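S.K.: Sharing a structure here in structure tokens format.
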Amino acid sequence: MKFRSLLPVTLIASLFLSGGAAALVAVTCPSEGIIGDYNNNGAIDYSDLAAHSYYYGQGSMRADLNRDCQINIADISVMYDLYYNGSGTLMDFNRDGTVDIGDWISFNDAYFVGSSFANVNGDCTVDIADFSVYSEWFTNGCGQ
């Protein structure tokens, strides 16, 4: 399932604390929608390729699709992969079209080797904050 939203979505999830007490927690899911879908129509199409080309030419961070905080040929490679092989959301980490345990494993693999793909909060550093954000999204059902 593809996650698509123009505004952040807040879920309310029950959190069971020790002793059986329950608390409500608000979780804000990512609102980026489909990675590379610049026109937000739910698919990667030719207009998205054109938009990426424009942002790339301008040196805009919107063209940084691999989240390494650099605008370079790797971002073009990611865009063409998305165009020809399907798109992914921040939650669909392994880009297989579903949000499941495989995404959790793929995120953890990227995180523990320091891959820029694990920079989910966009601060150009792969650190515990990224792990915390993705863990929160995943455990609270974002993108499902």
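To be explicit about the labels: the chains of the structure tokens are called A, B, and onward in the order shown, and within each one the residues are counted from 1, while ligands get numbers from 1 in the order they are shown.
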Against region 77-87 of chain A, which residues of region 41-73 of chain A fall within 8 Å? For each one I want the closest pair of atoms and the distance in Å (one decimal), counting only C-alpha atoms, rows by chain and increasing residue number, as JSON lines.
M.R.:
```
{"residue": "A:Ala43", "atom": "CA", "partner": "A:Ser87", "partner_atom": "CA", "distance": 7.1}
{"residue": "A:Ile44", "atom": "CA", "partner": "A:Tyr83", "partner_atom": "CA", "distance": 5.4}
{"residue": "A:Asp45", "atom": "CA", "partner": "A:Tyr83", "partner_atom": "CA", "distance": 6.5}
{"residue": "A:Leu49", "atom": "CA", "partner": "A:Met79", "partner_atom": "CA", "distance": 7.2}
{"residue": "A:His52", "atom": "CA", "partner": "A:Met79", "partner_atom": "CA", "distance": 7.6}
{"residue": "A:Leu65", "atom": "CA", "partner": "A:Val78", "partner_atom": "CA", "distance": 6.5}
{"residue": "A:Asn66", "atom": "CA", "partner": "A:Val78", "partner_atom": "CA", "distance": 6.8}
{"residue": "A:Ile73", "atom": "CA", "partner": "A:Ser77", "partner_atom": "CA", "distance": 6.3}
```
S.K.: Could the residues in this selection be written to a file with N, CA and C atoms, as a compact mmCIF listing (two decimals), in the first residue's frame?
M.R.:
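Below is the file selection_8.txt, written as the result:
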```txt
# COMPACT_ATOMS: atom_id res chain seq x y z
N ALA A 43 1.89 8.53 -8.69
CA ALA A 43 2.72 7.70 -9.56
C ALA A 43 3.93 8.50 -10.02
N ILE A 44 4.99 7.80 -10.36
CA ILE A 44 6.16 8.46 -10.94
C ILE A 44 5.96 8.46 -12.46
N ASP A 45 5.82 9.63 -13.04
CA ASP A 45 5.59 9.73 -14.47
C ASP A 45 6.56 10.74 -15.10
N LEU A 49 9.86 13.24 -13.82
CA LEU A 49 11.23 13.27 -14.35
C LEU A 49 11.63 14.70 -14.70
N HIS A 52 12.19 16.68 -11.49
CA HIS A 52 13.45 16.32 -10.86
C HIS A 52 14.62 16.95 -11.62
N LEU A 65 17.25 12.73 -3.66
CA LEU A 65 16.37 11.59 -3.42
C LEU A 65 17.01 10.49 -2.58
N ASN A 66 18.33 10.42 -2.54
CA ASN A 66 18.97 9.40 -1.72
C ASN A 66 19.35 9.92 -0.33
N ILE A 73 24.95 12.68 -9.28
CA ILE A 73 24.47 11.67 -10.21
C ILE A 73 23.71 10.54 -9.51
```
S.K.: To one decimal place in Å, what is the distance between CA of Cys69 (chain A) and CA of Thr98 (chain A)?
M.R.: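 Straight-line distance from CA of Cys69 (chain A) to CA of Thr98 (chain A) works out to 26.6 Å.
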S.K.: In terms of the shortest atom-to-atom distance over only C-alpha atoms, which of A:Ile34, A:Gly59, A:Arg67, A:Ile101 is closest to Ser115 (chain A)?
M.R.: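 Looking at the shortest contact to Ser115 (chain A), the residue is A:Arg67.
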S.K.: With distances taken over only C-alpha atoms, which of A:Gly57, A:Gly102, A:Ala50, A:Met91 is nearest to Asn140 (chain A)?
M.R.: A:Met91
S.K.: Go ahead and compute the interatomic distance for CA of Ile76 (chain A) and CA of Asp64 (chain A), in Å to one decimal.
M.R.: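 Result for CA of Ile76 (chain A) versus CA of Asp64 (chain A): 8.9 Å, one decimal.
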S.K.: Give me, as JSON, numbers by chain, all polymer residues having an atom no more than 12 Å from Asp123 (chain A), counting only C-alpha atoms and skipping those fewer than 6 positions away in the same chain.
M.R.: {"A": [61, 67, 68, 69, 116, 117, 129, 130]}
S.K.: Nearest to Phe107 (chain A) among A:Ser53, A:Gln58, A:Asn72, A:Asn94, with distances taken over only C-alpha atoms: which residue is it?
M.R.: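 Closest to Phe107 (chain A) of all the choices is A:Asn94.
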S.K.: Report, in Å with one decimal, the straight-line distance from CA of Asn41 (chain A) to CA of Arg95 (chain A).
M.R.: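 The value is 17.9 Å.
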S.K.: Name the closest residue to Ile128 (chain A) among the candidates A:Gly141, A:Gly114, A:Asp100, A:Asp48; distances are taken between atoms, counting only C-alpha atoms.
M.R.: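 Smallest distance to Ile128 (chain A) is found for A:Gly114.
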S.K.: Taking the DSSP assignment computed from this structure's backbone, write out as a CSV table (one decimal) with C-alpha atoms, in the first residue's frame all residues of region 52-86 of chain A that belong to helix (DSSP H, G or I).
M.R.:
```csv
chain,number,residue,atom,x,y,z
A,52,HIS,CA,13.5,16.3,-10.9
A,53,SER,CA,15.6,17.5,-13.7
A,54,TYR,CA,14.6,21.1,-12.9
A,55,TYR,CA,15.3,20.8,-9.2
A,56,TYR,CA,18.6,19.0,-10.0
A,57,GLY,CA,19.6,21.8,-12.3
A,58,GLN,CA,18.8,24.4,-9.7
A,61,MET,CA,17.7,19.8,-2.0
A,62,ARG,CA,14.3,18.6,-3.4
A,63,ALA,CA,16.4,16.7,-5.9
A,73,ILE,CA,24.5,11.7,-10.2
A,74,ALA,CA,23.3,9.2,-7.5
A,75,ASP,CA,20.1,11.2,-7.2
A,76,ILE,CA,19.5,10.9,-11.0
A,77,SER,CA,20.0,7.2,-10.7
A,78,VAL,CA,17.4,6.9,-7.9
A,79,MET,CA,14.9,8.9,-9.9
A,80,TYR,CA,15.3,6.7,-13.0
A,81,ASP,CA,15.1,3.6,-10.8
A,82,LEU,CA,11.8,5.0,-9.3
A,83,TYR,CA,10.5,5.8,-12.8
A,84,TYR,CA,11.3,2.4,-14.4
A,85,ASN,CA,10.8,0.1,-11.3
```
